[in-house]
Amino acid sequence: MARNKLRKEKELNQIKKSTNVFFNIIFIILSALCIFPIVFVFSISISSETSIQKNGYQLIPQELSAAAYQFLWNERGTILHATFISILVTALGIILSVLLTTTMGYVVSRNTYKLKSFYTWVIFIPMIFNGGMLAGYVVNTNILHLRNSIWALILPLAVSPFNIVICKTFFKTTIPDSIVESAKIDGAGQLRIFAQIILPISKPIIATIALFAAFGYWNDWFQASLYISDKNLQTLQSMLNNIQNNIEYIANNPYGGLSLQQYKASMPTESVRMAIAIIIVVPIACVYPFFQKYFISGLTIGSVKG
């Protein structure tokens with residue numbers, strides 16, 4: 001009797017085979033839709049300029065050419081330096097963003113915090129109303145004096161109200177109050193509770209915020225266009241955006257050794273644009289697998305003694 005009951009419960013909790021096949025097909029289609037643009041862009045990047053002008057964009061190149069990547073290879077000195085700046089900005093930005101976002105999210109998730117209502121509004125209002133680009137520019141340049149500083153690329157993107165709300169929801173729903181109360185009874189302060197108890201059991205949300213921050217910092221070129229005029233502080237995205245939009249930028253590159261007219265005559269414009277996209281996408285795509293397990297786990301690490 002008990003065995004039959006367990007079998008019925010197991011059958012109720014299982015997904016039907018036909019439903020499972022249907023969902024697998026849906027996810028295969030969605031995966032293909034995500035992969036296809038990257039494959040298509042890479043295909044264009046290895047096509048010759050003449051075949052693109054003659055036949056347009058094609059998934060299978062009519063004439064293979066590495067001219068686009070050869071062109072970027074000639075700019076490798078500048079590109080490698082810009083890549084180092086982008087990696088440095090992304091690494092520092094992730095650390096700062098995770099630290100600020102998790103601490104703010106944890107504070108507003110605690111019911112005993114007296115200013116919880118006030119700070120909730122402080123976090124919520126910027127999600128609806130924005131101070132505008134002009135106000136932010138004046139503060140960052142005239143008050144904080146961040147122009148031509150690496151911090152101009154980090155601080156404006158360090159905190160997102162949306163990410164704080166995500167952290168608040170995670171801490172409120174997965175961190176039992178009894179854990180915090182037990183630590184208080186044992187004499188632990190709030191900083192120690194957060195560092196030694198809360199953070200170790202919050203790896204999924206830390207990985208999520210870190211990944212969001214990595215995407216934001218790595219793909220950003222707008223902050224550099226606003227605050228950076230020093231070529232030594234140009235990020236990869238900003239530099240490659242300049243290459244796409246302004247041929248004179250690379251004509252002034254000391255590594256090239258060619259005149260502006262020679263660059264204009266030899267530059268494979270369309271394939272270079274696609275090669276630039278591949279260079280930007282591949283590094284951040286390689287980072288995702290290291291965070292994937294935290295997205296699919298869905299488990300809270302830790303327990304409460306009863």
# chains A, B, ... in the order shown; residues from 1 in each chain; ligands from 1
call {"tool": "select_by_dssp", "arguments": {"residues": "segment 55-285 of chain A", "states": "alpha helix (DSSP H)", "output": "count of residues only"}}
result
151
call {"tool": "closest_atom_pairs", "arguments": {"of": "segment 42-80 of chain A", "to": "segment 224-246 of chain A", "cutoff": "12 Å", "atoms": "only C-alpha atoms", "output": "CSV"}}
result
residue,atom,partner,partner_atom,distance
A:Phe71,CA,A:Ile243,CA,11.2
A:Leu72,CA,A:Leu240,CA,9.7
A:Glu75,CA,A:Ile243,CA,10.3
A:Arg76,CA,A:Leu236,CA,11.3
A:Gly77,CA,A:Asn232,CA,11.6
A:Thr78,CA,A:Met239,CA,8.6
A:Ile79,CA,A:Leu236,CA,6.5
A:Leu80,CA,A:Leu236,CA,8.2
call {"tool": "closest_residue", "arguments": {"among": "A:Asn148, A:Ser86, A:Ser202, A:Gln190", "to": "Tyr217 of chain A", "atoms": "only C-alpha atoms"}}
result
A:Ser86
call {"tool": "closest_residue", "arguments": {"among": "A:Ile185, A:Val89, A:Val282, A:Met274", "to": "Ala67 of chain A", "atoms": "only C-alpha atoms"}}
result
A:Met274
call {"tool": "closest_residue", "arguments": {"among": "A:Leu191, A:Ile201, A:Ile44, A:Ala275", "to": "Phe170 of chain A", "atoms": "only C-alpha atoms"}}
result
A:Ile201
call {"tool": "closest_residue", "arguments": {"among": "A:Tyr288, A:Ala214, A:Ile279, A:Tyr119", "to": "Ile87 of chain A", "atoms": "only C-alpha atoms"}}
result
A:Ala214
call {"tool": "atom_distance", "arguments": {"atom1": "atom CA of Ile128 of chain A", "atom2": "atom CA of Ile175 of chain A"}}
result
28.2 Å
call {"tool": "closest_residue", "arguments": {"among": "A:Thr173, A:Asn24, A:Ser31, A:Thr102", "to": "Leu199 of chain A", "atoms": "only C-alpha atoms"}}
result
A:Thr102
call {"tool": "closest_residue", "arguments": {"among": "A:Asp220, A:Ala207, A:Phe194, A:Ala188", "to": "Leu153 of chain A", "atoms": "only C-alpha atoms"}}
result
A:Asp220
call {"tool": "residues_around", "arguments": {"residues": "Asn140 of chain A", "least_positions_apart": "5", "cutoff": "12 Å", "atoms": "only C-alpha atoms", "output": "list in words"}}
result
Met133, Leu134, Ala135, His145, Leu146, Arg147, Asn148, Ser149, Trp151, Ala152, Leu153, Ile154, Leu155, Pro156, Gln223, Leu226, Tyr227 and Ile228 of chain A
call {"tool": "write_last_selection", "arguments": {"atoms": "N, CA, C and O atoms", "output": "PDB file, in the first residue's frame"}}
result
ATOM      1  N   MET A 133      22.193  62.917 -17.379  1.00  0.00           N
ATOM      2  CA  MET A 133      23.606  62.831 -17.694  1.00  0.00           C
ATOM      3  C   MET A 133      24.368  64.088 -17.284  1.00  0.00           C
ATOM      4  O   MET A 133      25.495  64.020 -16.806  1.00  0.00           O
ATOM      5  N   LEU A 134      23.747  65.257 -17.447  1.00  0.00           N
ATOM      6  CA  LEU A 134      24.428  66.519 -17.151  1.00  0.00           C
ATOM      7  C   LEU A 134      24.782  66.616 -15.671  1.00  0.00           C
ATOM      8  O   LEU A 134      25.907  66.998 -15.321  1.00  0.00           O
ATOM      9  N   ALA A 135      23.834  66.255 -14.798  1.00  0.00           N
ATOM     10  CA  ALA A 135      24.093  66.333 -13.355  1.00  0.00           C
ATOM     11  C   ALA A 135      25.217  65.377 -12.964  1.00  0.00           C
ATOM     12  O   ALA A 135      26.118  65.744 -12.200  1.00  0.00           O
ATOM     13  N   HIS A 145      36.250  65.385  -9.367  1.00  0.00           N
ATOM     14  CA  HIS A 145      37.473  65.507 -10.172  1.00  0.00           C
ATOM     15  C   HIS A 145      37.957  64.141 -10.678  1.00  0.00           C
ATOM     16  O   HIS A 145      39.117  63.766 -10.499  1.00  0.00           O
ATOM     17  N   LEU A 146      37.061  63.409 -11.305  1.00  0.00           N
ATOM     18  CA  LEU A 146      37.373  62.066 -11.782  1.00  0.00           C
ATOM     19  C   LEU A 146      37.806  62.037 -13.246  1.00  0.00           C
ATOM     20  O   LEU A 146      38.116  60.968 -13.769  1.00  0.00           O
ATOM     21  N   ARG A 147      37.828  63.183 -13.894  1.00  0.00           N
ATOM     22  CA  ARG A 147      38.172  63.190 -15.314  1.00  0.00           C
ATOM     23  C   ARG A 147      39.593  62.669 -15.518  1.00  0.00           C
ATOM     24  O   ARG A 147      40.521  63.011 -14.788  1.00  0.00           O
ATOM     25  N   ASN A 148      39.754  61.820 -16.545  1.00  0.00           N
ATOM     26  CA  ASN A 148      41.031  61.173 -16.848  1.00  0.00           C
ATOM     27  C   ASN A 148      41.578  60.410 -15.640  1.00  0.00           C
ATOM     28  O   ASN A 148      42.779  60.406 -15.348  1.00  0.00           O
ATOM     29  N   SER A 149      40.656  59.755 -14.935  1.00  0.00           N
ATOM     30  CA  SER A 149      41.005  58.877 -13.825  1.00  0.00           C
ATOM     31  C   SER A 149      40.329  57.534 -14.042  1.00  0.00           C
ATOM     32  O   SER A 149      39.210  57.470 -14.578  1.00  0.00           O
ATOM     33  N   TRP A 151      38.991  55.784 -11.925  1.00  0.00           N
ATOM     34  CA  TRP A 151      37.781  55.710 -11.101  1.00  0.00           C
ATOM     35  C   TRP A 151      36.565  56.285 -11.810  1.00  0.00           C
ATOM     36  O   TRP A 151      35.428  55.987 -11.445  1.00  0.00           O
ATOM     37  N   ALA A 152      36.792  57.093 -12.834  1.00  0.00           N
ATOM     38  CA  ALA A 152      35.668  57.588 -13.636  1.00  0.00           C
ATOM     39  C   ALA A 152      35.002  56.462 -14.412  1.00  0.00           C
ATOM     40  O   ALA A 152      33.840  56.578 -14.819  1.00  0.00           O
ATOM     41  N   LEU A 153      35.723  55.381 -14.641  1.00  0.00           N
ATOM     42  CA  LEU A 153      35.169  54.223 -15.338  1.00  0.00           C
ATOM     43  C   LEU A 153      34.539  53.216 -14.380  1.00  0.00           C
ATOM     44  O   LEU A 153      33.811  52.325 -14.817  1.00  0.00           O
ATOM     45  N   ILE A 154      34.806  53.370 -13.078  1.00  0.00           N
ATOM     46  CA  ILE A 154      34.354  52.378 -12.089  1.00  0.00           C
ATOM     47  C   ILE A 154      33.187  52.893 -11.247  1.00  0.00           C
ATOM     48  O   ILE A 154      32.138  52.241 -11.148  1.00  0.00           O
ATOM     49  N   LEU A 155      33.353  54.065 -10.633  1.00  0.00           N
ATOM     50  CA  LEU A 155      32.365  54.538  -9.661  1.00  0.00           C
ATOM     51  C   LEU A 155      30.971  54.774 -10.235  1.00  0.00           C
ATOM     52  O   LEU A 155      29.973  54.427  -9.583  1.00  0.00           O
ATOM     53  N   PRO A 156      30.809  55.363 -11.438  1.00  0.00           N
ATOM     54  CA  PRO A 156      29.440  55.605 -11.934  1.00  0.00           C
ATOM     55  C   PRO A 156      28.608  54.336 -12.129  1.00  0.00           C
ATOM     56  O   PRO A 156      27.378  54.414 -12.126  1.00  0.00           O
ATOM     57  N   GLN A 223      31.201  55.663 -20.596  1.00  0.00           N
ATOM     58  CA  GLN A 223      31.900  56.412 -19.548  1.00  0.00           C
ATOM     59  C   GLN A 223      33.248  56.914 -20.038  1.00  0.00           C
ATOM     60  O   GLN A 223      33.643  58.050 -19.740  1.00  0.00           O
ATOM     61  N   LEU A 226      32.935  59.954 -22.155  1.00  0.00           N
ATOM     62  CA  LEU A 226      32.604  61.170 -21.407  1.00  0.00           C
ATOM     63  C   LEU A 226      33.794  61.719 -20.626  1.00  0.00           C
ATOM     64  O   LEU A 226      34.041  62.929 -20.617  1.00  0.00           O
ATOM     65  N   TYR A 227      34.531  60.838 -19.962  1.00  0.00           N
ATOM     66  CA  TYR A 227      35.491  61.285 -18.961  1.00  0.00           C
ATOM     67  C   TYR A 227      36.957  61.054 -19.324  1.00  0.00           C
ATOM     68  O   TYR A 227      37.829  61.568 -18.644  1.00  0.00           O
ATOM     69  N   ILE A 228      37.230  60.276 -20.363  1.00  0.00           N
ATOM     70  CA  ILE A 228      38.615  59.903 -20.653  1.00  0.00           C
ATOM     71  C   ILE A 228      39.060  60.506 -21.989  1.00  0.00           C
ATOM     72  O   ILE A 228      38.454  60.242 -23.032  1.00  0.00           O
TER      73      ILE A 228
END
call {"tool": "residues_around", "arguments": {"residues": "Tyr106 of chain A", "least_positions_apart": "2", "cutoff": "12 Å", "atoms": "only C-alpha atoms", "output": "VMD selection string"}}
result
chain A and resid 98 to 104 108 to 113 116 119 to 120 163 to 175 177 180 190 to 191 193 to 195 198 to 199 202 205 to 206
call {"tool": "write_last_selection", "arguments": {"atoms": "C-alpha atoms", "output": "compact mmCIF listing (two decimals), in the first residue's frame"}}
result
# COMPACT_ATOMS: atom_id res chain seq x y z
CA VAL A 98 29.59 43.15 -5.03
CA LEU A 99 30.76 44.73 -1.77
CA LEU A 100 28.44 47.75 -1.98
CA THR A 101 25.42 45.92 -3.40
CA THR A 102 25.43 43.01 -0.94
CA THR A 103 25.96 45.23 2.10
CA MET A 104 23.16 47.59 1.09
CA VAL A 108 17.51 46.91 4.01
CA SER A 109 16.47 43.25 4.28
CA ARG A 110 16.64 43.31 8.10
CA ASN A 111 13.36 44.18 9.81
CA THR A 112 15.18 45.54 12.87
CA TYR A 113 16.94 48.28 10.91
CA LYS A 116 14.80 50.61 6.53
CA TYR A 119 16.66 53.73 2.54
CA THR A 120 14.13 51.61 0.65
CA ASN A 163 20.80 44.67 -8.10
CA ILE A 164 20.20 45.95 -4.56
CA VAL A 165 16.56 44.87 -4.79
CA ILE A 166 17.68 41.42 -5.97
CA CYS A 167 20.04 41.14 -2.98
CA LYS A 168 17.39 42.37 -0.58
CA THR A 169 14.92 39.75 -1.82
CA PHE A 170 17.53 36.99 -1.58
CA PHE A 171 18.60 37.86 1.97
CA LYS A 172 15.01 38.32 3.15
CA THR A 173 13.74 35.01 1.76
CA THR A 174 16.74 32.72 2.29
CA ILE A 175 18.52 33.98 5.42
CA ASP A 177 16.35 35.57 11.31
CA VAL A 180 21.35 36.29 12.92
CA GLN A 190 26.84 43.02 12.55
CA LEU A 191 30.03 43.21 10.48
CA ILE A 193 27.77 38.28 11.16
CA PHE A 194 27.74 39.57 7.59
CA ALA A 195 31.33 38.58 6.76
CA ILE A 198 25.88 35.65 5.66
CA LEU A 199 28.40 35.85 2.80
CA SER A 202 25.17 33.65 -0.24
CA ILE A 205 23.60 35.95 -5.23
CA ILE A 206 27.26 37.03 -5.11
